[in-house]
Amino acid sequence: MQWTGLNEIREKYLHFFETKEHLRLPSFPLIPQGDKSILLINAGMTPMKKYFTGEITPPAKRVTTCQKCIRTPDIESVGITARHGTYFEMLGNFSFGDYFKREATAWAKEFFTEVMEMPLDRLYFTVYEEDDEAWDIWTKEHGIAEDHMLRLGKKDNFWEHGAGPCGPCSEIHFDRGEKYGCGKPDCGVECECDRWVEIWNLVFTQFENDGNGNYTRLAHPNIDTGMGLERLACVMQDVDNIFEVDTIRKIMEHVMQISGVTYHTDPKKDMSLRVVTDHIRSTTMMISDGVLPSNEGRGYVLRRLLRRAARHGRLLGIERPFLTEVCETVIAENEGAYPVLREKHDYIIKIIATEEESFSRTIDSGMKMLDEMIANGDGKTLSGEDAFRLSDTYGFPIDLTKEILAEKNITVDEEAFRALVKKQRETARAARKDAGADAWKNAGVALNDIPATVFTGYTATEDEGKVLGIVMNGERTETAEADSEAVLVLDKTAFYAESGGQVGDTGVITGDGFEFVVTNTTKPPTGIFLHAGFVQEGTVSANTAVKTAVDAGKRAATERNHTSAHLLQYALRTVLGTHVEQAGSYVSPDEVRFDFTHFSALTAEEIAKVEQLVNEQILSAKAVLTDEMSIEDAKKIGAMALFGEKYGDTVRVVRAGDSTELCGGTHVKNTGNIGLFKIVSESSVASGVRRITGVTGFNTYAYLNRTLETVHAAAAALKLGNANDLVNKVTAVAADLKNKEREIDKLKADLAQAKAADIFTVAGEVNGIKVITANLGETDVNTLRTMLDSAKNEDCVAVLAGINSEKGSVSFACATGKNAVSKGAHAGNIVRAVAQIAGGAGGGKPDSAMAGGKDITKTDEALAAVLGIAQGMIK
């Protein structure tokens with residue numbers, strides 16, 4: 001049995017099964033596709049469940065894979081021992097109604113003994129206690145000695161998860177030798193010691209469980225096998241654990257190089273080395289498959305792993321962001337098998353850097369806050385309120401807080417913490433739901449007996465209808481007179497009700513002798529459209545025939561912005577990557593605001609590319625097509641859905657240019673109707689979420705005019721005949737101002753030096769050292785520092801005060817000469833004590849320090865205390 005590297009083992013396995021007519025498939029993404037039952041892929045067969053159930057036809061009857069997997073039920077255990085890890089790869093060969101036990105067992109033996117050259121006498125085999133067929137195949141056909149065979153019960157050797165396909169399994173174990181054993185006389189395959197390693201599990205899916213314990217044989221049984229790649233590598237490399245495996249060891253060695261820490265010298269440092277090594281493997285793979293840091297779901301798992309790794313880096317003595325450096329090694333060791341790592345190199349590095357830098361900005365203050373909470377607590381339990389504050393203010397995931405406290409034998413009131421998180425989410429959800437609807441949100445209750453409104457506004461902005469209900473002040477009424485505010489409900493309407501980010505229509509509703517001005521249109525879950533507004537003239541009565549007329553100008557402007565939002569999403573995904581997902585939008589007649597997932601601010605070049613791509617789509621003047629179809633058909637044509645949105649069986653698909661999305665809003669008929677699109681701002685709205693605000697049509701025209709007016713006004717103010725010279729002129733003026741500022745600063749400094757001798761008050765002398773103080777009145781900090789420069793050269797202790805009346809604060813500056821420092825004077829300690837008298841704080845170096853006070857009335861009192869403070873120091 002020869003030493004074999006992890007990457008070589010993977011290739012040997014996949015190639016071997018290709019020779020057995022298996023189709024080699026790449027690893028499925030870690031994000032489950034079409035499976036909401038799990039957050040992340042956790043086993044080799046998980047992404048192929050629908051092949052086994054028959055819901056989807058597999059690409060071949062024989063398949064082999066090496067599947068990336070993440071398991072996170074015990075993240076806190078990772079690092080404590082060398083046995084746990086969150087990321088691993090699972091080798092597998094699968095048969096969908098093709099071969100069965102005989103072939104699966106024969107190939108397992110062949111791969112181990114002939115390809116990997118493992119000694120047969122060190123392999124041990126278990127079968128389900130009632131599976132005589134498997135026992136006989138192993139012993140009679142494959143020649144396995146019975147003293148290397150073991151029958152086990154259902155708990156160990158029968159695979160099932162409730163109702164559905166199931167069956168017995170056969171596990172292959174490797175005897176690592178007595179040096180790994182426990183020494184007990186009964187030590188064997190079932191022993192928990194490190195001598196016996198389960199390597200491969202062959203599942204024979206031959207039954208259907210009806211959920212009540214009744215089993216029927218499948219007409220076409222399947223094979224599902226799984227073998228941990230890292231575990232096999234441990235055996236082939238004869239190492240104690242996965243952290244000693246070649247590719248993983250290289251990652252740990254990089255961490256050791258950065259930290260200067262050596263493995264196996266300190267148990268606590270060893271734990272941190274293992275945590276960083278495992279977590280950077282997991283996070284690199286997760287990000288490459290599209291997972292982004294967030295506070296929920298798989299994004300929370302990613303954030304938790306990254307922040308735990310960053311904290312353990314601190315425990316190793318690494319005081320700077322470093323995870324991206326280690327990530328480079330992860331990519332280098334794995335890119336041969338997973339080329340996407342190199343393809344998305346910059347993207348992966350950027351996300352890790354952004355998240356680590358974000359956490360590094362708060363971890364020190366958060367740890368300080370946690371220490372204060374512990375000091376002020378009962379020493380047993382951290383309150384839910386404190387844990388919530390750490391999470392909400394300093395970005396400490398609750399699990400990280402728990403882990404840090406566990407090291408001090410302190411627990412967390414998780415119930416109270418969860419309640420606060422739930423309350424925060426409910427408050428935010430209610431605010432979003434009710435925003436802008438407070439004035440008429442009771443109308444839905446008053447009109448809940450009325451059927452859903454028929455919307456006719458996709459094809460027209462005018463229609464006829466009938467008033468089915470009137471609400472005033474939250475109460476149902478039969479009439480509404482002139483100047484009254486009210487809500488009207490019609491049987492059908494051309495007015496679009498606010499939804500999907502698009503604002504509600506405005507316009508007028510007219511009838512026999514009255515005119516009702518619609519200021520907004522919304523709809524509650526009941527589906528009735530609420531036309532909110534006021535009676536301009538006449539009296540509106542229930543059951544009256546009416547005409548609806550939407551403000552066509554505003555509708556057209558809104559449609560231009562809405563269609564541009566679709567084109568914008570297409571452009572963002574094209575320029576930035578397919579990780580971009582819509583995170584919210586607001587479409588009005590004036591602008592489009594589009595929120596999307598992305599980890600950093602867009603560069604000027606990226607903004608220009610996005611803007612150009614949108615305008616290319618506009619100027620292509622392609623017809624905008626809308627169709628209603630089943631959700632399945634929409635997915636087949638690649639329609640983009642809003643993340644997390646629930647859709648019915650029938651959906652509306654909008655195709656604009658190269659964009660195809662599910663959407664219920666109104667749109668232009670042709671992309672050319674948009675005119676021109678201009679991005680006016682790009683900003684951050686949340687961690688990992690950016691916002692672009694843009695304008696279209698006449699709003700673009702107005703925006704450009706305002707910009708040109710500003711340019712010409714600035715040129716005129718600078719007395720330029722040609723606005724094209726503006727940049728050069730502004731640059732020259734800025735440079736001139738900077739030069740003048742330098743001259744002014746120099747004059748101030750010279751003046752300060754000249755006045756210094758006059759305003760210093762010698763408060764006294766201590767052991768040959770003069771103690772000097774001065775209250776300079778309204779003086780800035782820079783002037784204080786300048787005046788102290790001369791004091792440093794004198795054999796003295798000098799403390800100056802400068803007042804800022806506008807802020808109601810005082811600044812203190814202290815300088816000490818070399819001789820003063822040698823006799824015990826310390827500027828940082830002196831100025832701190834002085835500032836405390838004025839209600840402030842500060843400190844600094846022995847020869848120079850600054851501090852601030854909050855009570856300017858105590859300035860003179862503080863200066864008067866300097867002599868006494870100096871006397872306590874100078875010896």
# chains A, B, ... in the order shown; residues from 1 in each chain; ligands from 1
$ residues_around --residues "range 718-723 of chain A" --least-positions-apart "5" --cutoff "12 Å" --atoms "only C-alpha atoms" --output "count of residues only"
12
$ residues_around --residues "Glu146 in chain A" --least-positions-apart "6" --cutoff "10 Å" --atoms "only C-alpha atoms" --output "list of chain:residue names"
A:Tyr124, A:Phe125, A:Trp135, A:Trp138, A:Thr139, A:Lys140
$ residues_around --residues "Ser805 in chain A" --least-positions-apart "2" --cutoff "10 Å" --atoms "only C-alpha atoms" --output "PyMOL selection string"
chain A and resi 777-779+802-803+807-810+856
$ residues_around --residues "Thr522 in chain A" --least-positions-apart "2" --cutoff "8 Å" --atoms "only C-alpha atoms" --output "PyMOL selection string"
chain A and resi 437+496-499+504+520+524+529-531
$ write_last_selection --atoms "all heavy atoms" --output "PDB file, in the first residue's frame"
ATOM      1  N   ALA A 437     -49.561  52.758   3.969  1.00  0.00           N
ATOM      2  CA  ALA A 437     -50.941  52.294   3.839  1.00  0.00           C
ATOM      3  C   ALA A 437     -51.767  52.588   5.088  1.00  0.00           C
ATOM      4  O   ALA A 437     -52.901  52.166   5.188  1.00  0.00           O
ATOM      5  CB  ALA A 437     -50.957  50.780   3.574  1.00  0.00           C
ATOM      6  N   TYR A 496     -53.529  50.471 -11.528  1.00  0.00           N
ATOM      7  CA  TYR A 496     -52.634  49.442 -10.985  1.00  0.00           C
ATOM      8  C   TYR A 496     -52.493  49.679  -9.491  1.00  0.00           C
ATOM      9  O   TYR A 496     -52.226  50.794  -9.032  1.00  0.00           O
ATOM     10  CB  TYR A 496     -51.257  49.513 -11.661  1.00  0.00           C
ATOM     11  CG  TYR A 496     -50.279  48.488 -11.165  1.00  0.00           C
ATOM     12  CD1 TYR A 496     -50.281  47.196 -11.673  1.00  0.00           C
ATOM     13  CD2 TYR A 496     -49.350  48.807 -10.175  1.00  0.00           C
ATOM     14  CE1 TYR A 496     -49.382  46.233 -11.212  1.00  0.00           C
ATOM     15  CE2 TYR A 496     -48.448  47.861  -9.702  1.00  0.00           C
ATOM     16  CZ  TYR A 496     -48.475  46.582 -10.225  1.00  0.00           C
ATOM     17  OH  TYR A 496     -47.592  45.635  -9.759  1.00  0.00           O
ATOM     18  N   ALA A 497     -52.651  48.612  -8.702  1.00  0.00           N
ATOM     19  CA  ALA A 497     -52.504  48.715  -7.249  1.00  0.00           C
ATOM     20  C   ALA A 497     -51.066  48.425  -6.851  1.00  0.00           C
ATOM     21  O   ALA A 497     -50.446  47.485  -7.363  1.00  0.00           O
ATOM     22  CB  ALA A 497     -53.450  47.728  -6.563  1.00  0.00           C
ATOM     23  N   GLU A 498     -50.543  49.225  -5.956  1.00  0.00           N
ATOM     24  CA  GLU A 498     -49.144  49.104  -5.533  1.00  0.00           C
ATOM     25  C   GLU A 498     -48.783  47.671  -5.159  1.00  0.00           C
ATOM     26  O   GLU A 498     -49.413  47.051  -4.300  1.00  0.00           O
ATOM     27  CB  GLU A 498     -48.908  50.019  -4.327  1.00  0.00           C
ATOM     28  CG  GLU A 498     -47.476  49.983  -3.806  1.00  0.00           C
ATOM     29  CD  GLU A 498     -47.283  50.908  -2.602  1.00  0.00           C
ATOM     30  OE1 GLU A 498     -48.141  51.788  -2.398  1.00  0.00           O
ATOM     31  OE2 GLU A 498     -46.289  50.735  -1.899  1.00  0.00           O
ATOM     32  N   SER A 499     -47.750  47.148  -5.789  1.00  0.00           N
ATOM     33  CA  SER A 499     -47.248  45.806  -5.487  1.00  0.00           C
ATOM     34  C   SER A 499     -46.002  45.558  -6.304  1.00  0.00           C
ATOM     35  O   SER A 499     -45.760  46.226  -7.311  1.00  0.00           O
ATOM     36  CB  SER A 499     -48.300  44.728  -5.799  1.00  0.00           C
ATOM     37  OG  SER A 499     -48.647  44.749  -7.168  1.00  0.00           O
ATOM     38  N   GLY A 504     -48.661  52.596  -6.808  1.00  0.00           N
ATOM     39  CA  GLY A 504     -50.024  52.559  -7.321  1.00  0.00           C
ATOM     40  C   GLY A 504     -50.311  53.728  -8.244  1.00  0.00           C
ATOM     41  O   GLY A 504     -49.718  54.807  -8.138  1.00  0.00           O
ATOM     42  N   ASN A 520     -53.794  57.439  -4.686  1.00  0.00           N
ATOM     43  CA  ASN A 520     -53.010  56.206  -4.570  1.00  0.00           C
ATOM     44  C   ASN A 520     -53.930  55.009  -4.726  1.00  0.00           C
ATOM     45  O   ASN A 520     -55.137  55.104  -4.446  1.00  0.00           O
ATOM     46  CB  ASN A 520     -52.286  56.126  -3.219  1.00  0.00           C
ATOM     47  CG  ASN A 520     -51.150  55.104  -3.240  1.00  0.00           C
ATOM     48  OD1 ASN A 520     -50.823  54.542  -4.283  1.00  0.00           O
ATOM     49  ND2 ASN A 520     -50.550  54.866  -2.092  1.00  0.00           N
ATOM     50  N   PRO A 524     -55.156  45.002  -0.393  1.00  0.00           N
ATOM     51  CA  PRO A 524     -54.860  44.091   0.711  1.00  0.00           C
ATOM     52  C   PRO A 524     -54.835  42.652   0.182  1.00  0.00           C
ATOM     53  O   PRO A 524     -55.095  42.406  -1.001  1.00  0.00           O
ATOM     54  CB  PRO A 524     -56.029  44.324   1.667  1.00  0.00           C
ATOM     55  CG  PRO A 524     -57.152  44.750   0.778  1.00  0.00           C
ATOM     56  CD  PRO A 524     -56.518  45.522  -0.341  1.00  0.00           C
ATOM     57  N   PHE A 529     -59.080  46.225  -4.973  1.00  0.00           N
ATOM     58  CA  PHE A 529     -58.251  47.404  -5.218  1.00  0.00           C
ATOM     59  C   PHE A 529     -58.858  48.586  -4.483  1.00  0.00           C
ATOM     60  O   PHE A 529     -60.047  48.892  -4.650  1.00  0.00           O
ATOM     61  CB  PHE A 529     -58.175  47.708  -6.717  1.00  0.00           C
ATOM     62  CG  PHE A 529     -57.246  46.808  -7.481  1.00  0.00           C
ATOM     63  CD1 PHE A 529     -57.150  45.455  -7.197  1.00  0.00           C
ATOM     64  CD2 PHE A 529     -56.463  47.312  -8.504  1.00  0.00           C
ATOM     65  CE1 PHE A 529     -56.297  44.618  -7.900  1.00  0.00           C
ATOM     66  CE2 PHE A 529     -55.604  46.499  -9.227  1.00  0.00           C
ATOM     67  CZ  PHE A 529     -55.517  45.138  -8.920  1.00  0.00           C
ATOM     68  N   LEU A 530     -58.017  49.263  -3.671  1.00  0.00           N
ATOM     69  CA  LEU A 530     -58.475  50.403  -2.882  1.00  0.00           C
ATOM     70  C   LEU A 530     -58.012  51.687  -3.546  1.00  0.00           C
ATOM     71  O   LEU A 530     -56.823  51.984  -3.596  1.00  0.00           O
ATOM     72  CB  LEU A 530     -57.916  50.323  -1.459  1.00  0.00           C
ATOM     73  CG  LEU A 530     -58.132  48.991  -0.721  1.00  0.00           C
ATOM     74  CD1 LEU A 530     -57.446  49.038   0.633  1.00  0.00           C
ATOM     75  CD2 LEU A 530     -59.627  48.701  -0.573  1.00  0.00           C
ATOM     76  N   HIS A 531     -58.989  52.449  -4.079  1.00  0.00           N
ATOM     77  CA  HIS A 531     -58.699  53.725  -4.727  1.00  0.00           C
ATOM     78  C   HIS A 531     -58.849  54.822  -3.682  1.00  0.00           C
ATOM     79  O   HIS A 531     -59.974  55.225  -3.356  1.00  0.00           O
ATOM     80  CB  HIS A 531     -59.652  53.984  -5.903  1.00  0.00           C
ATOM     81  CG  HIS A 531     -59.654  52.883  -6.923  1.00  0.00           C
ATOM     82  ND1 HIS A 531     -60.354  51.702  -6.725  1.00  0.00           N
ATOM     83  CD2 HIS A 531     -59.064  52.790  -8.138  1.00  0.00           C
ATOM     84  CE1 HIS A 531     -60.187  50.926  -7.793  1.00  0.00           C
ATOM     85  NE2 HIS A 531     -59.400  51.559  -8.661  1.00  0.00           N
TER      86      HIS A 531
END
$ residues_around --residues "Asn699 in chain A" --least-positions-apart "4" --cutoff "7 Å" --atoms "only C-alpha atoms" --output "PyMOL selection string"
chain A and resi 590+695+703
$ select_by_dssp --residues "range 722-789 of chain A" --states "helix (DSSP H, G or I)" --output "PyMOL selection string"
chain A and resi 723-759+781-789
$ select_by_dssp --residues "range 760-808 of chain A" --states "strand (DSSP E or B)" --output "VMD selection string"
chain A and resid 761 to 766 769 to 778 796 to 804
$ residues_around --residues "Val503 in chain A" --least-positions-apart "2" --cutoff "12 Å" --atoms "only C-alpha atoms" --output "PyMOL selection string"
chain A and resi 435-437+495-501+505-506+519-523+554-555+557-559+561-562+585-593+665-666
$ write_last_selection --atoms "N, CA and C atoms" --output "short mmCIF file (atom, residue, chain, number, x, y, z; two decimals), in the first residue's frame"
data_model
loop_
_atom_site.label_atom_id
_atom_site.label_comp_id
_atom_site.auth_asym_id
_atom_site.auth_seq_id
_atom_site.Cartn_x
_atom_site.Cartn_y
_atom_site.Cartn_z
N ALA A 435 -46.16 50.21 5.42
CA ALA A 435 -45.61 51.48 4.96
C ALA A 435 -46.50 52.10 3.89
N GLY A 436 -46.90 53.35 4.14
CA GLY A 436 -47.68 54.08 3.15
C GLY A 436 -49.14 53.69 3.07
N ALA A 437 -49.56 52.76 3.97
CA ALA A 437 -50.94 52.29 3.84
C ALA A 437 -51.77 52.59 5.09
N PHE A 495 -56.70 51.03 -12.87
CA PHE A 495 -55.68 51.51 -11.95
C PHE A 495 -54.85 50.34 -11.42
N TYR A 496 -53.53 50.47 -11.53
CA TYR A 496 -52.63 49.44 -10.98
C TYR A 496 -52.49 49.68 -9.49
N ALA A 497 -52.65 48.61 -8.70
CA ALA A 497 -52.50 48.71 -7.25
C ALA A 497 -51.07 48.42 -6.85
N GLU A 498 -50.54 49.23 -5.96
CA GLU A 498 -49.14 49.10 -5.53
C GLU A 498 -48.78 47.67 -5.16
N SER A 499 -47.75 47.15 -5.79
CA SER A 499 -47.25 45.81 -5.49
C SER A 499 -46.00 45.56 -6.30
N GLY A 500 -45.20 44.60 -5.84
CA GLY A 500 -43.99 44.24 -6.56
C GLY A 500 -43.01 45.38 -6.71
N GLY A 501 -43.08 46.38 -5.83
CA GLY A 501 -42.17 47.52 -5.91
C GLY A 501 -42.69 48.66 -6.76
N ASP A 505 -51.26 53.52 -9.15
CA ASP A 505 -51.64 54.57 -10.10
C ASP A 505 -52.40 55.69 -9.43
N THR A 506 -52.34 56.85 -10.06
CA THR A 506 -53.17 57.99 -9.70
C THR A 506 -54.00 58.36 -10.93
N THR A 519 -55.46 59.46 -5.42
CA THR A 519 -54.09 59.83 -5.06
C THR A 519 -53.19 58.61 -4.85
N ASN A 520 -53.79 57.44 -4.69
CA ASN A 520 -53.01 56.21 -4.57
C ASN A 520 -53.93 55.01 -4.73
N THR A 521 -53.36 53.90 -5.19
CA THR A 521 -54.12 52.67 -5.34
C THR A 521 -53.34 51.54 -4.70
N THR A 522 -53.99 50.81 -3.79
CA THR A 522 -53.33 49.69 -3.11
C THR A 522 -54.29 48.50 -3.11
N LYS A 523 -53.78 47.37 -2.60
CA LYS A 523 -54.67 46.20 -2.46
C LYS A 523 -54.22 45.36 -1.27
N LYS A 554 -48.00 59.74 -15.89
CA LYS A 554 -47.30 59.12 -14.77
C LYS A 554 -47.17 57.61 -14.99
N ARG A 555 -48.22 56.99 -15.51
CA ARG A 555 -48.15 55.54 -15.78
C ARG A 555 -47.03 55.24 -16.76
N ALA A 557 -44.36 56.98 -17.40
CA ALA A 557 -43.05 57.20 -16.77
C ALA A 557 -42.71 56.04 -15.83
N THR A 558 -43.72 55.56 -15.11
CA THR A 558 -43.52 54.42 -14.22
C THR A 558 -43.15 53.17 -15.01
N GLU A 559 -43.82 52.95 -16.13
CA GLU A 559 -43.52 51.78 -16.96
C GLU A 559 -42.10 51.84 -17.51
N ASN A 561 -39.57 53.19 -16.06
CA ASN A 561 -38.68 52.85 -14.96
C ASN A 561 -38.75 51.37 -14.61
N HIS A 562 -39.96 50.80 -14.70
CA HIS A 562 -40.10 49.38 -14.33
C HIS A 562 -39.37 48.47 -15.33
N SER A 585 -37.06 46.59 -4.69
CA SER A 585 -37.11 47.63 -5.72
C SER A 585 -38.21 48.62 -5.41
N TYR A 586 -38.08 49.80 -5.99
CA TYR A 586 -39.11 50.84 -5.89
C TYR A 586 -39.18 51.51 -7.25
N VAL A 587 -40.36 51.45 -7.86
CA VAL A 587 -40.56 51.99 -9.19
C VAL A 587 -41.67 53.03 -9.14
N SER A 588 -41.32 54.27 -9.43
CA SER A 588 -42.29 55.36 -9.42
C SER A 588 -42.16 56.12 -10.73
N PRO A 589 -42.99 57.15 -10.95
CA PRO A 589 -42.83 57.95 -12.17
C PRO A 589 -41.50 58.70 -12.21
N ASP A 590 -40.92 58.97 -11.03
CA ASP A 590 -39.73 59.81 -10.97
C ASP A 590 -38.42 59.05 -11.09
N GLU A 591 -38.38 57.80 -10.57
CA GLU A 591 -37.11 57.09 -10.54
C GLU A 591 -37.33 55.59 -10.37
N VAL A 592 -36.24 54.86 -10.53
CA VAL A 592 -36.22 53.44 -10.19
C VAL A 592 -35.11 53.23 -9.17
N ARG A 593 -35.46 52.57 -8.06
CA ARG A 593 -34.45 52.18 -7.08
C ARG A 593 -34.38 50.65 -7.09
N GLY A 665 -46.15 43.50 -12.91
CA GLY A 665 -46.28 44.94 -13.10
C GLY A 665 -46.57 45.33 -14.52
N THR A 666 -46.66 46.63 -14.76
CA THR A 666 -46.93 47.14 -16.11
C THR A 666 -45.62 47.59 -16.74
#
$ residues_around --residues "range 180-185 of chain A" --least-positions-apart "2" --cutoff "6 Å" --atoms "only C-alpha atoms" --output "MDAnalysis selection string"
chainID A and resid 177:178 187 193:195
$ write_last_selection --atoms "all heavy atoms" --output "short mmCIF file (atom, residue, chain, number, x, y, z; two decimals), in the first residue's frame"
data_model
loop_
_atom_site.label_atom_id
_atom_site.label_comp_id
_atom_site.auth_asym_id
_atom_site.auth_seq_id
_atom_site.Cartn_x
_atom_site.Cartn_y
_atom_site.Cartn_z
N GLY A 177 -4.09 -1.00 12.63
CA GLY A 177 -3.00 -1.61 13.39
C GLY A 177 -3.08 -1.33 14.87
O GLY A 177 -3.79 -0.43 15.33
N GLU A 178 -2.34 -2.12 15.62
CA GLU A 178 -2.41 -2.05 17.09
C GLU A 178 -1.97 -0.69 17.63
O GLU A 178 -2.40 -0.28 18.70
CB GLU A 178 -1.54 -3.16 17.69
CG GLU A 178 -2.09 -4.56 17.43
CD GLU A 178 -1.25 -5.62 18.12
OE1 GLU A 178 -0.30 -5.24 18.85
OE2 GLU A 178 -1.53 -6.82 17.92
N CYS A 187 -11.21 -5.68 21.60
CA CYS A 187 -11.14 -4.63 20.58
C CYS A 187 -11.38 -5.25 19.20
O CYS A 187 -10.67 -6.18 18.79
CB CYS A 187 -9.78 -3.95 20.63
SG CYS A 187 -9.60 -2.60 19.43
N CYS A 193 -12.42 2.89 19.26
CA CYS A 193 -11.06 3.44 19.22
C CYS A 193 -10.64 3.74 17.78
O CYS A 193 -11.34 3.41 16.83
CB CYS A 193 -10.07 2.48 19.87
SG CYS A 193 -9.76 0.98 18.91
N ASP A 194 -9.47 4.36 17.62
CA ASP A 194 -9.02 4.83 16.31
C ASP A 194 -8.45 3.73 15.42
O ASP A 194 -8.07 3.99 14.28
CB ASP A 194 -7.95 5.93 16.49
CG ASP A 194 -8.53 7.20 17.08
OD1 ASP A 194 -9.75 7.40 16.96
OD2 ASP A 194 -7.76 7.99 17.66
N ARG A 195 -8.39 2.50 15.94
CA ARG A 195 -7.80 1.42 15.14
C ARG A 195 -8.68 1.07 13.95
O ARG A 195 -8.18 0.82 12.85
CB ARG A 195 -7.58 0.19 16.02
CG ARG A 195 -7.07 -1.02 15.23
CD ARG A 195 -6.73 -2.18 16.15
NE ARG A 195 -6.29 -3.35 15.39
CZ ARG A 195 -5.82 -4.47 15.92
NH1 ARG A 195 -5.73 -4.58 17.24
NH2 ARG A 195 -5.45 -5.48 15.15
#
$ closest_residue --among "A:Asp270, A:Asp238, A:Glu160, A:Glu537" --to "Met252 in chain A" --atoms "only C-alpha atoms"
A:Asp270
$ closest_residue --among "A:Gly457, A:Gly297, A:Pro267, A:Gly213" --to "Thr81 in chain A" --atoms "only C-alpha atoms"
A:Pro267
$ atom_distance --atom1 "CA of His826 in chain A" --atom2 "CA of Lys854 in chain A"
22.7 Å
$ atom_distance --atom1 "CA of Thr626 in chain A" --atom2 "CA of Gln502 in chain A"
16.9 Å
$ closest_residue --among "A:Arg652, A:Pro29, A:Asp136, A:Lys155" --to "Val340 in chain A" --atoms "only C-alpha atoms"
A:Pro29
